[in-house]
Each structure stands twice: as C-alpha cells, then as structure tokens.
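Structure below is protein28.csv: CSV, C-alpha atoms.
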```
chain,number,residue,atom,x,y,z
A,539,MET,CA,89.4,-49.6,26.0
A,540,ARG,CA,86.9,-50.0,28.9
A,541,LEU,CA,88.9,-47.8,31.3
A,542,PRO,CA,88.5,-44.5,29.4
A,543,ILE,CA,84.8,-45.2,29.0
A,544,VAL,CA,84.3,-45.9,32.7
A,545,LEU,CA,86.4,-42.8,33.6
A,546,THR,CA,84.4,-40.6,31.3
A,547,VAL,CA,81.1,-41.8,32.8
A,548,THR,CA,82.4,-41.2,36.3
A,549,LEU,CA,83.4,-37.7,35.5
A,550,LEU,CA,80.1,-36.9,33.9
A,551,ALA,CA,78.2,-38.2,36.9
A,552,ALA,CA,80.4,-36.2,39.2
A,553,GLY,CA,79.8,-33.1,37.1
A,554,ALA,CA,76.0,-33.6,37.1
A,555,ALA,CA,76.1,-34.0,40.9
A,556,GLY,CA,78.1,-30.8,41.3
A,557,ALA,CA,75.7,-29.0,39.0
A,558,ALA,CA,72.7,-30.1,41.1
A,559,GLU,CA,74.3,-28.6,44.2
A,560,VAL,CA,74.6,-25.1,42.7
A,561,VAL,CA,72.4,-22.7,44.6
A,562,GLN,CA,70.1,-20.9,42.2
A,563,PRO,CA,70.2,-17.1,42.8
A,564,ASP,CA,67.2,-15.7,44.7
A,565,ARG,CA,64.8,-13.4,42.9
A,566,ILE,CA,62.3,-11.2,44.7
A,567,ILE,CA,58.8,-11.3,43.1
A,568,MET,CA,57.0,-9.3,45.8
A,569,PRO,CA,53.3,-9.0,45.0
A,570,HIS,CA,52.8,-5.3,45.3
A,571,ARG,CA,49.2,-5.5,44.4
A,572,THR,CA,48.5,-7.9,47.3
A,573,HIS,CA,50.2,-5.6,49.7
A,574,PHE,CA,48.4,-2.5,48.3
A,575,GLU,CA,45.0,-4.2,48.5
A,576,ALA,CA,45.8,-5.1,52.1
A,577,GLY,CA,46.3,-1.4,52.9
A,578,VAL,CA,50.1,-1.5,53.2
A,579,GLU,CA,51.6,1.9,52.5
A,580,CYS,CA,54.8,2.3,50.4
A,581,ALA,CA,56.6,3.8,53.3
A,582,THR,CA,55.9,0.7,55.5
A,583,CYS,CA,58.3,-1.3,53.5
A,584,HIS,CA,60.5,1.4,52.0
A,585,ALA,CA,60.9,3.8,54.9
A,586,ALA,CA,64.5,4.5,54.0
A,587,ALA,CA,63.4,6.2,50.8
A,588,ALA,CA,62.7,9.4,52.7
A,589,GLU,CA,66.4,9.8,53.4
A,590,SER,CA,67.9,8.1,50.3
A,591,ARG,CA,69.9,10.4,48.0
A,592,SER,CA,71.3,7.8,45.6
A,593,ALA,CA,69.8,5.0,43.6
A,594,ARG,CA,72.7,2.8,44.6
A,595,GLU,CA,71.2,2.5,48.1
A,596,SER,CA,69.0,-0.5,48.6
A,597,LEU,CA,65.5,0.4,49.7
A,598,ARG,CA,64.3,-3.2,50.1
A,599,PRO,CA,62.7,-4.0,53.4
A,600,ALA,CA,64.9,-5.8,56.0
A,601,MET,CA,63.7,-9.0,57.5
A,602,ASP,CA,62.5,-7.3,60.6
A,603,VAL,CA,60.2,-5.1,58.5
A,604,CYS,CA,58.8,-8.2,56.9
A,605,GLY,CA,58.4,-9.7,60.4
A,606,GLY,CA,56.0,-7.0,61.3
A,607,CYS,CA,53.3,-8.8,59.3
A,608,HIS,CA,54.8,-12.2,58.3
A,609,ASP,CA,56.2,-15.2,60.1
A,610,VAL,CA,59.8,-14.9,58.9
A,611,ALA,CA,60.6,-18.4,60.4
A,612,ASP,CA,58.1,-19.9,58.0
A,613,GLU,CA,59.8,-20.8,54.7
A,614,ALA,CA,56.5,-21.2,53.0
A,615,GLY,CA,55.7,-17.6,53.9
A,616,CYS,CA,59.1,-16.3,52.7
A,617,ALA,CA,58.5,-18.1,49.4
A,618,MET,CA,55.6,-15.7,48.8
A,619,CYS,CA,58.3,-13.1,47.7
A,620,HIS,CA,61.6,-15.1,47.4
A,621,THR,CA,62.2,-17.6,44.7
A,622,ASN,CA,64.9,-19.3,46.8
A,623,VAL,CA,64.5,-19.1,50.5
A,624,ASP,CA,68.0,-20.7,50.9
A,625,GLY,CA,69.6,-17.8,49.1
A,626,ILE,CA,67.8,-14.9,50.8
A,627,GLY,CA,70.0,-11.8,50.8
A,628,LEU,CA,71.7,-12.7,47.6
A,629,ALA,CA,69.0,-11.4,45.2
A,630,ALA,CA,70.6,-9.0,42.7
A,631,ARG,CA,69.1,-5.6,42.5
A,632,PRO,CA,67.9,-4.4,39.1
A,633,ALA,CA,70.2,-2.0,37.3
A,634,HIS,CA,69.3,1.7,37.7
A,635,PRO,CA,70.5,4.0,35.0
A,636,ALA,CA,70.0,7.1,37.1
A,637,GLU,CA,72.4,6.4,40.0
A,638,LYS,CA,72.2,10.0,41.4
A,639,PHE,CA,68.4,9.8,41.7
A,640,SER,CA,67.4,11.2,45.1
A,641,HIS,CA,64.2,9.8,46.6
A,642,ALA,CA,64.6,12.3,49.5
A,643,ALA,CA,64.5,15.3,47.1
A,644,HIS,CA,61.3,14.0,45.3
A,645,LEU,CA,59.5,13.0,48.5
A,646,GLY,CA,60.5,16.3,50.0
A,647,ARG,CA,58.4,18.0,47.3
A,648,ASN,CA,55.4,15.9,48.3
A,649,MET,CA,55.5,13.8,45.2
A,650,ALA,CA,53.5,10.6,45.3
A,651,CYS,CA,55.4,7.3,44.6
A,652,ALA,CA,52.9,6.6,41.8
A,653,ALA,CA,54.2,9.7,39.9
A,654,CYS,CA,57.4,7.8,39.0
A,655,HIS,CA,56.6,4.2,39.8
A,656,GLY,CA,53.1,3.9,38.3
A,657,ASP,CA,49.9,2.5,39.7
A,658,PRO,CA,50.5,0.9,43.2
A,659,ALA,CA,47.8,-1.7,42.4
A,660,ALA,CA,50.0,-3.0,39.5
A,661,ASP,CA,51.8,-6.3,39.9
A,662,ALA,CA,55.2,-4.6,40.1
A,663,PRO,CA,56.4,-1.0,40.2
A,664,ARG,CA,58.2,0.4,37.2
A,665,LEU,CA,61.1,2.7,36.8
A,666,PRO,CA,60.3,6.3,35.7
A,667,ALA,CA,60.3,6.8,31.9
A,668,LYS,CA,61.3,10.0,30.1
A,669,PRO,CA,57.7,11.4,30.0
A,670,ASP,CA,57.5,11.0,33.8
A,671,CYS,CA,60.7,13.1,34.2
A,672,ARG,CA,59.5,15.7,31.7
A,673,ALA,CA,56.4,16.4,33.8
A,674,CYS,CA,58.7,18.4,36.1
A,675,HIS,CA,62.1,18.7,34.4
A,676,ALA,CA,63.2,20.4,31.2
A,677,THR,CA,65.0,17.7,29.3
A,678,ALA,CA,64.6,18.6,25.6
A,679,ASP,CA,67.8,20.0,24.1
A,680,ASP,CA,69.0,20.8,27.6
A,681,TYR,CA,70.4,17.9,29.5
A,682,GLY,CA,71.3,19.9,32.6
A,683,ASP,CA,68.3,18.6,34.4
A,684,CYS,CA,69.1,15.0,33.3
A,685,ARG,CA,72.4,15.3,35.1
A,686,LEU,CA,70.6,15.9,38.4
A,687,CYS,CA,70.0,12.1,38.4
A,688,HIS,CA,72.2,10.7,35.7
A,689,ALA,CA,76.0,10.5,36.2
A,690,ASP,CA,78.0,13.1,34.3
A,691,GLY,CA,79.7,10.4,32.2
A,692,ALA,CA,76.6,8.4,31.6
A,693,ASP,CA,75.6,7.9,28.0
A,694,LEU,CA,72.0,9.1,27.7
A,695,ARG,CA,71.3,7.9,24.2
A,696,PRO,CA,68.6,5.3,23.8
A,697,ALA,CA,69.5,1.8,22.8
A,698,THR,CA,67.9,2.4,19.4
A,699,HIS,CA,70.5,5.1,18.5
A,700,GLY,CA,73.2,2.8,17.2
A,701,ALA,CA,76.0,3.3,14.7
A,702,PHE,CA,73.6,3.8,11.7
A,703,TRP,CA,70.9,5.8,13.5
A,704,ALA,CA,71.8,9.0,11.7
A,705,ASN,CA,71.2,7.4,8.4
A,706,ARG,CA,67.8,5.9,9.2
A,707,HIS,CA,66.2,8.0,11.9
A,708,GLY,CA,64.1,10.0,9.5
A,709,GLY,CA,61.6,7.1,9.1
A,710,GLN,CA,61.0,6.8,12.8
A,711,ALA,CA,60.8,10.5,13.2
A,712,ARG,CA,58.1,10.8,10.7
A,713,GLU,CA,56.2,7.9,12.2
A,714,ASN,CA,56.4,9.0,15.8
A,715,GLU,CA,57.3,12.7,16.3
A,716,ALA,CA,56.2,12.6,19.9
A,717,LEU,CA,58.8,10.0,20.7
A,718,CYS,CA,61.6,12.2,19.4
A,719,ALA,CA,60.2,15.2,21.2
A,720,GLY,CA,61.0,13.5,24.5
A,721,CYS,CA,64.6,14.6,24.0
A,722,HIS,CA,64.7,16.9,21.0
A,723,THR,CA,63.1,20.1,19.7
A,724,GLN,CA,63.1,21.5,16.2
A,725,THR,CA,66.4,23.2,17.1
A,726,THR,CA,68.1,19.8,17.2
A,727,CYS,CA,66.8,18.9,13.8
A,728,GLN,CA,67.8,22.2,12.2
A,729,ALA,CA,71.4,21.9,13.5
A,730,CYS,CA,71.8,19.2,10.8
A,731,HIS,CA,69.0,19.9,8.4
A,732,ALA,CA,69.8,23.6,7.9
A,733,GLY,CA,69.6,23.5,4.2
A,734,ASP,CA,73.3,24.2,3.6
A,735,ASN,CA,74.4,21.7,6.2
A,736,VAL,CA,72.4,18.6,5.6
A,737,ARG,CA,73.5,15.3,7.2
A,738,PRO,CA,72.2,13.0,5.8
A,739,ARG,CA,71.2,14.7,2.6
A,740,ALA,CA,67.5,15.5,2.7
A,741,HIS,CA,67.2,16.7,-1.0
A,742,PRO,CA,68.3,14.9,-4.2
A,743,LEU,CA,71.6,15.9,-5.6
A,744,ASN,CA,70.1,18.0,-8.4
A,745,PHE,CA,67.6,19.7,-6.1
A,746,VAL,CA,69.3,23.1,-6.4
A,747,PHE,CA,68.4,23.1,-10.1
A,748,ASN,CA,64.7,22.1,-9.8
A,749,HIS,CA,63.7,23.1,-6.3
A,750,GLY,CA,61.7,26.0,-7.6
A,751,VAL,CA,58.9,23.7,-8.8
A,752,ARG,CA,58.7,22.0,-5.4
A,753,ALA,CA,58.9,25.3,-3.5
A,754,ARG,CA,56.0,26.9,-5.4
A,755,GLY,CA,53.7,24.1,-4.4
A,756,ASN,CA,55.0,23.5,-0.8
A,757,GLU,CA,56.0,26.8,0.6
A,758,MET,CA,54.9,25.8,4.1
A,759,GLU,CA,57.1,22.7,3.9
A,760,CYS,CA,60.1,24.6,2.9
A,761,ALA,CA,59.5,27.1,5.7
A,762,THR,CA,59.9,24.4,8.2
A,763,CYS,CA,63.7,24.7,7.8
A,764,HIS,CA,64.1,27.8,5.7
A,765,GLY,CA,62.0,30.3,7.6
A,766,GLU,CA,63.7,33.5,6.6
A,767,PRO,CA,63.3,34.9,3.0
A,768,GLU,CA,66.9,35.9,3.1
A,769,PHE,CA,67.8,32.2,2.8
A,770,CYS,CA,66.5,32.2,-0.7
A,771,SER,CA,67.2,35.7,-1.8
A,772,SER,CA,70.9,35.6,-0.7
A,773,CYS,CA,71.6,32.6,-2.9
A,774,HIS,CA,69.5,33.9,-5.8
A,775,ALA,CA,71.3,37.2,-5.7
A,776,ALA,CA,74.7,35.7,-5.5
A,777,GLU,CA,74.0,33.3,-8.4
A,778,ARG,CA,72.1,36.0,-10.3
A,779,VAL,CA,69.0,33.9,-10.4
A,780,LEU,CA,65.9,36.0,-11.3
A,781,PRO,CA,62.2,35.2,-11.5
A,782,ASP,CA,60.9,34.7,-15.1
A,783,SER,CA,59.1,38.0,-15.0
A,784,HIS,CA,62.3,39.9,-14.4
A,785,SER,CA,63.7,38.7,-17.7
A,786,ARG,CA,60.8,39.8,-19.9
A,787,ALA,CA,61.0,42.9,-22.0
A,788,GLY,CA,59.5,45.9,-20.4
A,789,TRP,CA,60.0,44.7,-16.9
A,790,VAL,CA,61.9,47.9,-16.1
A,791,ARG,CA,61.1,50.8,-18.3
A,792,LEU,CA,61.6,54.5,-18.0
A,793,PRO,CA,60.0,56.8,-17.3
A,794,ASP,CA,57.0,54.9,-15.9
A,795,GLY,CA,58.9,52.0,-14.4
A,796,GLY,CA,57.4,49.3,-16.7
A,797,GLN,CA,55.7,46.2,-15.5
A,798,HIS,CA,57.6,46.0,-12.2
A,799,ALA,CA,56.0,49.3,-11.1
A,800,LEU,CA,52.5,47.7,-11.7
A,801,ASP,CA,53.5,44.6,-9.8
A,802,GLY,CA,54.8,46.7,-7.0
A,803,VAL,CA,51.3,48.3,-6.7
A,804,PHE,CA,49.1,45.2,-7.1
A,805,ASP,CA,51.4,42.4,-5.8
A,806,LEU,CA,53.7,43.9,-3.2
A,807,GLU,CA,53.9,40.7,-1.2
A,808,SER,CA,55.8,39.0,-4.1
A,809,CYS,CA,58.2,41.9,-4.2
A,810,ILE,CA,59.1,41.9,-0.5
A,811,ALA,CA,59.6,38.1,-0.5
A,812,CYS,CA,63.1,39.0,-1.9
A,813,HIS,CA,63.3,42.7,-1.4
A,814,SER,CA,62.3,42.9,2.2
A,815,ASP,CA,64.0,46.2,2.8
A,816,GLY,CA,61.7,48.0,0.5
A,817,LYS,CA,63.3,51.1,-1.1
A,818,GLY,CA,66.4,50.6,1.1
A,819,ALA,CA,67.2,47.3,-0.6
A,820,PRO,CA,70.3,47.6,-2.9
A,821,THR,CA,68.4,46.5,-6.0
A,822,CYS,CA,65.7,49.1,-5.3
A,823,ALA,CA,67.8,51.9,-4.0
A,824,ALA,CA,69.8,52.1,-7.2
A,825,CYS,CA,66.8,53.8,-8.8
A,826,HIS,CA,64.5,54.8,-5.9
A,827,GLY,CA,67.1,56.1,-3.5
A,828,GLY,CA,67.8,55.0,0.0
```

What is this structure when it is put down as structure tokens?
Amino acid sequence: MRLPIVLTVTLLAAGAAGAAEVVQPDRIIMPHRTHFEAGVECATCHAAAAESRSARESLRPAMDVCGGCHDVADEAGCAMCHTNVDGIGLAARPAHPAEKFSHAAHLGRNMACAACHGDPAADAPRLPAKPDCRACHATADDYGDCRLCHADGADLRPATHGAFWANRHGGQARENEALCAGCHTQTTCQACHAGDNVRPRAHPLNFVFNHGVRARGNEMECATCHGEPEFCSSCHAAERVLPDSHSRAGWVRLPDGGQHALDGVFDLESCIACHSDGKGAPTCAACHGG
C-alpha cells in the first residue's frame, strides 16, 4: 500500500510547485496624492483623455510617459505603482458602467477633472456618482441624458433594487428621500401610488370605509397624492356619500334655502371643496340654474 501513498505525495508536491509558479496579476496602486503634491498635472499622465470618446479606451500612461520622471529600468521604482513588476501590462482595468462616457466632450466644456473624479489630493480618484452627473444633466424621470454615457441596453437600476424592492422600498424612501430623488420625482411615485392604482397597497383594506376620520386630521398628507378635490367628490357622488350635515332635517328648505344657504354664506370654502363649479355644478344648478 506504500505505492499509492508515495504517488499521492508526489502529485501534491508537483501541484504545490506549479501553484508557486503562477504569476499573480498586476494591480496598479498609483499614489495620486504623491503626484499631485509634486505638481504633476492630470494631463501629464492622462493626455489621451482630451481625445477619448469612450470609457472603453485605456487612459493609463504608457511606459514612456512614466519614463519622463521615473527610471523605468529600476524595478524598485516601478513597484511604487505596480504590485507585480513581472506582470506589467496585464493589470485589469476597473469596470466602467458608462461605456459611452466621453472625456473629450466634458473637457471640451472646460470641466475640471475634480468635478467627476473628486479631490486630486485624495489617494485615488473615484468614478462619478449620480449627484455629480445631476450637476449638469437632467436625470430624474428622464433617462435621455443618462443614455449619453450609458449604453442603450444597460440596466440603470441600482443593485439595491432587487426582486422584492417594490415591496420594501417605502421604508428607505421615508428614511432618505434625497437618495430617491437622484432618479425619481413625485411623478414616479404617483404613477403607482395614485389612490386607485396602489402597488403595493398604501392603505388598509377597509380604508375606504373609515378614511374620512384620517382625512379630517391629515388633509395635507392626503393632498400629497390626491391634490384635486374632484378625486374625492367624484367617488362620493357616484356612491351617494354625503356629509353628515346634508342628511339633517332642514338642510334644504324652501323658500329660504334652509341650513345649506347659511353655510353657503358663512362657510363657502367647505361648499366648494365638493361643488367647485359653483352654481354651474349639477347639484347646485338643479335649483339655482346654470
């Protein structure tokens, strides 16, 4: 039984030796702050940005550009930016979601690099975030500007917007409205939360029967979605739902008009909440004429 054991140990040793020979991929950790403090301009290393019209193009400096300041024959000097000097040229570029981004177009408008990439004195530049784009582009509820940089088929939804996002987004929206406003306006909300088209349901199942109590104490909250009085009056008229005062004896009385005539004089605002057309409203015109 010694042969299988010896063979196994030999294979493991060979595998370990092979693994040791694998060249680790190079990563570039260029110290931007060091270069900035030395007075190196962005264009010194990224001169190609002025003509670049696609984020797929590499704007990393070539070796001869580095050689303008550094001894590129000195491996120790190269290790200042490269994690593996034996694998230089193999470093993977970070993914860029906006593949149509045109540096030339932005630089042509005299935009500073810092407007999109942050403080040049930072350890590393950053990719522009949505607020950076919105400084110039209209991106809320109109993704036409987004497609200037993002491919037409690209999914622009954030990673947080997963399969169950529609069911649980309300909590985050209440917690951070400004974050939602980066992509959405109230129009987006009202498309689903329009009262008669609620997904997911914003009101309890029996809300139609007891919403009057809530409405009397929270008119401004109701008006967030139901801004027009006709939203209420159209349903009340169709369902023949009347205010309590309209069911009392003497509400309408001839020849003096009864209590509703007095309310019309002293509390006209309450009347026009439902009868906004005044005497021209069907319920009024029946007695008052057109």

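Proximity ranking of A:His741, A:His784, A:His584, A:Arg591 relative to A:Val603 places A:His584 first, based on all atoms listed in the file.
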
- Separation of atom CA of A:Glu768 from atom CA of A:Arg791 in Å: 26.7 Å

Could you list, as a PDB file with C-alpha atoms, keeping the file's coordinate frame, every residue within 9 Å of A:Ala662, counting only C-alpha atoms and ignoring same-chain residues fewer than 3 positions away?
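Below you can see result-v8.pdb, which holds the result:
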```pdb
ATOM      1  CA  ILE A 567      58.800 -11.300  43.100  1.00  0.00           C
ATOM      2  CA  MET A 568      57.000  -9.300  45.800  1.00  0.00           C
ATOM      3  CA  PRO A 569      53.300  -9.000  45.000  1.00  0.00           C
ATOM      4  CA  HIS A 570      52.800  -5.300  45.300  1.00  0.00           C
ATOM      5  CA  ARG A 571      49.200  -5.500  44.400  1.00  0.00           C
ATOM      6  CA  HIS A 655      56.600   4.200  39.800  1.00  0.00           C
ATOM      7  CA  GLY A 656      53.100   3.900  38.300  1.00  0.00           C
ATOM      8  CA  ASP A 657      49.900   2.500  39.700  1.00  0.00           C
ATOM      9  CA  PRO A 658      50.500   0.900  43.200  1.00  0.00           C
ATOM     10  CA  ALA A 659      47.800  -1.700  42.400  1.00  0.00           C
TER      11      ALA A 659
END
```

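Minimum distance to A:Arg647 across A:Ala729, A:Cys674, A:Pro781, A:Pro767 (counting all atoms listed in the file) occurs at A:Cys674.
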
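Here the question is which of A:Cys770, A:Ala667, A:Val623, A:Ala633 gets nearest to A:Glu595 using all atoms listed in the file, and that residue is A:Ala633.
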
So that I can see what lies close to A:His634, please list as a JSON list (two decimals) with C-alpha atoms, in the frame of the given file the residues with an atom at most 9 Å from it, counting all atoms listed in the file and leaving out residues fewer than 3 positions away in the same chain.
```json
[["chain", "number", "residue", "atom", "x", "y", "z"],
["A", 593, "ALA", "CA", 69.80, 5.00, 43.60],
["A", 594, "ARG", "CA", 72.70, 2.80, 44.60],
["A", 631, "ARG", "CA", 69.10, -5.60, 42.50],
["A", 637, "GLU", "CA", 72.40, 6.40, 40.00],
["A", 665, "LEU", "CA", 61.10, 2.70, 36.80]]
```

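Residues in contact with A:Asp624 at up to 12 Å, not including ones fewer than 3 positions away on its chain and judged by only C-alpha atoms, are Val560, Val561, Gln562, Pro563, Asp564, Arg565, Glu613, Ala614, Cys616, Ala617, His620, Thr621, Gly627, Leu628 and Ala629 of chain A.
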
Selected residues written out with C-alpha atoms, as an mmCIF file, in the frame of the given file:
```cif
data_model
loop_
_atom_site.group_PDB
_atom_site.id
_atom_site.type_symbol
_atom_site.label_atom_id
_atom_site.label_comp_id
_atom_site.auth_asym_id
_atom_site.auth_seq_id
_atom_site.Cartn_x
_atom_site.Cartn_y
_atom_site.Cartn_z
ATOM 1 C CA VAL A 560 74.600 -25.100 42.700
ATOM 2 C CA VAL A 561 72.400 -22.700 44.600
ATOM 3 C CA GLN A 562 70.100 -20.900 42.200
ATOM 4 C CA PRO A 563 70.200 -17.100 42.800
ATOM 5 C CA ASP A 564 67.200 -15.700 44.700
ATOM 6 C CA ARG A 565 64.800 -13.400 42.900
ATOM 7 C CA GLU A 613 59.800 -20.800 54.700
ATOM 8 C CA ALA A 614 56.500 -21.200 53.000
ATOM 9 C CA CYS A 616 59.100 -16.300 52.700
ATOM 10 C CA ALA A 617 58.500 -18.100 49.400
ATOM 11 C CA HIS A 620 61.600 -15.100 47.400
ATOM 12 C CA THR A 621 62.200 -17.600 44.700
ATOM 13 C CA GLY A 627 70.000 -11.800 50.800
ATOM 14 C CA LEU A 628 71.700 -12.700 47.600
ATOM 15 C CA ALA A 629 69.000 -11.400 45.200
#
```

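Distance annotation: of A:Ala585, A:Ala787, A:Val746, A:Cys721, the residue with the minimal separation from A:Leu645 is A:Ala585; atom set is all atoms listed in the file.
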
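For the set A:Ala775, A:Arg695, A:Cys822, A:Ser785, the residue with the smallest atom-to-atom gap to A:Gly802 is A:Cys822, counting only C-alpha atoms.
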
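Interatomic distance, atom CA of A:Gln710 to atom CA of A:Lys668: 17.6 Å.
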
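The space separating atom CA of A:Pro666 from atom CA of A:Phe574 comes to 19.4 Å.
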
Could stretch 597-631 of chain A be completed with N, CA and C atoms and written as a PDB file, in the coordinates of the input, please?
```pdb
ATOM      1  N   LEU A 597      66.679  -0.005  48.925  1.00  0.00           N
ATOM      2  CA  LEU A 597      65.500   0.400  49.700  1.00  0.00           C
ATOM      3  C   LEU A 597      64.587  -0.789  49.976  1.00  0.00           C
ATOM      4  N   ARG A 598      65.103  -1.996  49.776  1.00  0.00           N
ATOM      5  CA  ARG A 598      64.300  -3.200  50.100  1.00  0.00           C
ATOM      6  C   ARG A 598      64.110  -3.302  51.587  1.00  0.00           C
ATOM      7  N   PRO A 599      62.962  -3.801  51.986  1.00  0.00           N
ATOM      8  CA  PRO A 599      62.700  -4.000  53.400  1.00  0.00           C
ATOM      9  C   PRO A 599      63.617  -5.029  54.037  1.00  0.00           C
ATOM     10  N   ALA A 600      64.113  -4.766  55.232  1.00  0.00           N
ATOM     11  CA  ALA A 600      64.900  -5.800  56.000  1.00  0.00           C
ATOM     12  C   ALA A 600      63.955  -6.822  56.541  1.00  0.00           C
ATOM     13  N   MET A 601      64.533  -7.899  57.009  1.00  0.00           N
ATOM     14  CA  MET A 601      63.700  -9.000  57.500  1.00  0.00           C
ATOM     15  C   MET A 601      62.816  -8.605  58.643  1.00  0.00           C
ATOM     16  N   ASP A 602      63.329  -7.703  59.522  1.00  0.00           N
ATOM     17  CA  ASP A 602      62.500  -7.300  60.600  1.00  0.00           C
ATOM     18  C   ASP A 602      61.269  -6.517  60.205  1.00  0.00           C
ATOM     19  N   VAL A 603      61.381  -5.836  59.059  1.00  0.00           N
ATOM     20  CA  VAL A 603      60.200  -5.100  58.500  1.00  0.00           C
ATOM     21  C   VAL A 603      59.194  -6.146  58.038  1.00  0.00           C
ATOM     22  N   CYS A 604      59.669  -7.182  57.343  1.00  0.00           N
ATOM     23  CA  CYS A 604      58.800  -8.200  56.900  1.00  0.00           C
ATOM     24  C   CYS A 604      58.119  -8.929  58.114  1.00  0.00           C
ATOM     25  N   GLY A 605      58.915  -9.064  59.174  1.00  0.00           N
ATOM     26  CA  GLY A 605      58.400  -9.700  60.400  1.00  0.00           C
ATOM     27  C   GLY A 605      57.312  -9.000  61.061  1.00  0.00           C
ATOM     28  N   GLY A 606      57.095  -7.745  60.731  1.00  0.00           N
ATOM     29  CA  GLY A 606      56.000  -7.000  61.300  1.00  0.00           C
ATOM     30  C   GLY A 606      54.636  -7.573  60.913  1.00  0.00           C
ATOM     31  N   CYS A 607      54.605  -8.262  59.786  1.00  0.00           N
ATOM     32  CA  CYS A 607      53.300  -8.800  59.300  1.00  0.00           C
ATOM     33  C   CYS A 607      53.447 -10.345  59.052  1.00  0.00           C
ATOM     34  N   HIS A 608      54.650 -10.797  58.703  1.00  0.00           N
ATOM     35  CA  HIS A 608      54.800 -12.200  58.300  1.00  0.00           C
ATOM     36  C   HIS A 608      55.641 -12.965  59.316  1.00  0.00           C
ATOM     37  N   ASP A 609      55.443 -14.257  59.300  1.00  0.00           N
ATOM     38  CA  ASP A 609      56.200 -15.200  60.100  1.00  0.00           C
ATOM     39  C   ASP A 609      57.515 -15.482  59.334  1.00  0.00           C
ATOM     40  N   VAL A 610      58.595 -14.790  59.657  1.00  0.00           N
ATOM     41  CA  VAL A 610      59.800 -14.900  58.900  1.00  0.00           C
ATOM     42  C   VAL A 610      60.506 -16.285  59.144  1.00  0.00           C
ATOM     43  N   ALA A 611      60.014 -17.028  60.126  1.00  0.00           N
ATOM     44  CA  ALA A 611      60.600 -18.400  60.400  1.00  0.00           C
ATOM     45  C   ALA A 611      59.879 -19.417  59.512  1.00  0.00           C
ATOM     46  N   ASP A 612      58.840 -19.011  58.835  1.00  0.00           N
ATOM     47  CA  ASP A 612      58.100 -19.900  58.000  1.00  0.00           C
ATOM     48  C   ASP A 612      58.577 -19.823  56.557  1.00  0.00           C
ATOM     49  N   GLU A 613      59.265 -20.854  56.089  1.00  0.00           N
ATOM     50  CA  GLU A 613      59.800 -20.800  54.700  1.00  0.00           C
ATOM     51  C   GLU A 613      58.738 -20.668  53.680  1.00  0.00           C
ATOM     52  N   ALA A 614      57.590 -21.259  53.935  1.00  0.00           N
ATOM     53  CA  ALA A 614      56.500 -21.200  53.000  1.00  0.00           C
ATOM     54  C   ALA A 614      56.048 -19.699  52.825  1.00  0.00           C
ATOM     55  N   GLY A 615      56.051 -18.973  53.952  1.00  0.00           N
ATOM     56  CA  GLY A 615      55.700 -17.600  53.900  1.00  0.00           C
ATOM     57  C   GLY A 615      56.714 -16.740  53.165  1.00  0.00           C
ATOM     58  N   CYS A 616      58.000 -17.054  53.389  1.00  0.00           N
ATOM     59  CA  CYS A 616      59.100 -16.300  52.700  1.00  0.00           C
ATOM     60  C   CYS A 616      59.010 -16.563  51.192  1.00  0.00           C
ATOM     61  N   ALA A 617      58.572 -17.775  50.818  1.00  0.00           N
ATOM     62  CA  ALA A 617      58.500 -18.100  49.400  1.00  0.00           C
ATOM     63  C   ALA A 617      57.448 -17.309  48.658  1.00  0.00           C
ATOM     64  N   MET A 618      56.644 -16.581  49.404  1.00  0.00           N
ATOM     65  CA  MET A 618      55.600 -15.700  48.800  1.00  0.00           C
ATOM     66  C   MET A 618      56.335 -14.620  47.955  1.00  0.00           C
ATOM     67  N   CYS A 619      57.532 -14.196  48.402  1.00  0.00           N
ATOM     68  CA  CYS A 619      58.300 -13.100  47.700  1.00  0.00           C
ATOM     69  C   CYS A 619      59.627 -13.618  47.174  1.00  0.00           C
ATOM     70  N   HIS A 620      60.218 -14.610  47.784  1.00  0.00           N
ATOM     71  CA  HIS A 620      61.600 -15.100  47.400  1.00  0.00           C
ATOM     72  C   HIS A 620      61.449 -16.377  46.603  1.00  0.00           C
ATOM     73  N   THR A 621      62.175 -16.430  45.496  1.00  0.00           N
ATOM     74  CA  THR A 621      62.200 -17.600  44.700  1.00  0.00           C
ATOM     75  C   THR A 621      63.072 -18.724  45.268  1.00  0.00           C
ATOM     76  N   ASN A 622      64.011 -18.336  46.132  1.00  0.00           N
ATOM     77  CA  ASN A 622      64.900 -19.300  46.800  1.00  0.00           C
ATOM     78  C   ASN A 622      65.151 -18.876  48.198  1.00  0.00           C
ATOM     79  N   VAL A 623      64.423 -19.488  49.109  1.00  0.00           N
ATOM     80  CA  VAL A 623      64.500 -19.100  50.500  1.00  0.00           C
ATOM     81  C   VAL A 623      65.877 -19.432  51.110  1.00  0.00           C
ATOM     82  N   ASP A 624      66.633 -20.335  50.451  1.00  0.00           N
ATOM     83  CA  ASP A 624      68.000 -20.700  50.900  1.00  0.00           C
ATOM     84  C   ASP A 624      69.004 -19.641  50.506  1.00  0.00           C
ATOM     85  N   GLY A 625      68.639 -18.778  49.584  1.00  0.00           N
ATOM     86  CA  GLY A 625      69.600 -17.800  49.100  1.00  0.00           C
ATOM     87  C   GLY A 625      69.134 -16.360  49.384  1.00  0.00           C
ATOM     88  N   ILE A 626      68.283 -16.197  50.418  1.00  0.00           N
ATOM     89  CA  ILE A 626      67.800 -14.900  50.800  1.00  0.00           C
ATOM     90  C   ILE A 626      68.960 -13.951  51.127  1.00  0.00           C
ATOM     91  N   GLY A 627      68.928 -12.758  50.610  1.00  0.00           N
ATOM     92  CA  GLY A 627      70.000 -11.800  50.800  1.00  0.00           C
ATOM     93  C   GLY A 627      70.974 -11.743  49.684  1.00  0.00           C
ATOM     94  N   LEU A 628      70.853 -12.699  48.748  1.00  0.00           N
ATOM     95  CA  LEU A 628      71.700 -12.700  47.600  1.00  0.00           C
ATOM     96  C   LEU A 628      71.052 -12.231  46.315  1.00  0.00           C
ATOM     97  N   ALA A 629      69.797 -11.834  46.427  1.00  0.00           N
ATOM     98  CA  ALA A 629      69.000 -11.400  45.200  1.00  0.00           C
ATOM     99  C   ALA A 629      69.667 -10.153  44.652  1.00  0.00           C
ATOM    100  N   ALA A 630      69.942 -10.190  43.360  1.00  0.00           N
ATOM    101  CA  ALA A 630      70.600  -9.000  42.700  1.00  0.00           C
ATOM    102  C   ALA A 630      69.526  -7.928  42.500  1.00  0.00           C
ATOM    103  N   ARG A 631      69.973  -6.719  42.664  1.00  0.00           N
ATOM    104  CA  ARG A 631      69.100  -5.600  42.500  1.00  0.00           C
ATOM    105  C   ARG A 631      69.074  -5.213  40.980  1.00  0.00           C
TER     106      ARG A 631
END
```
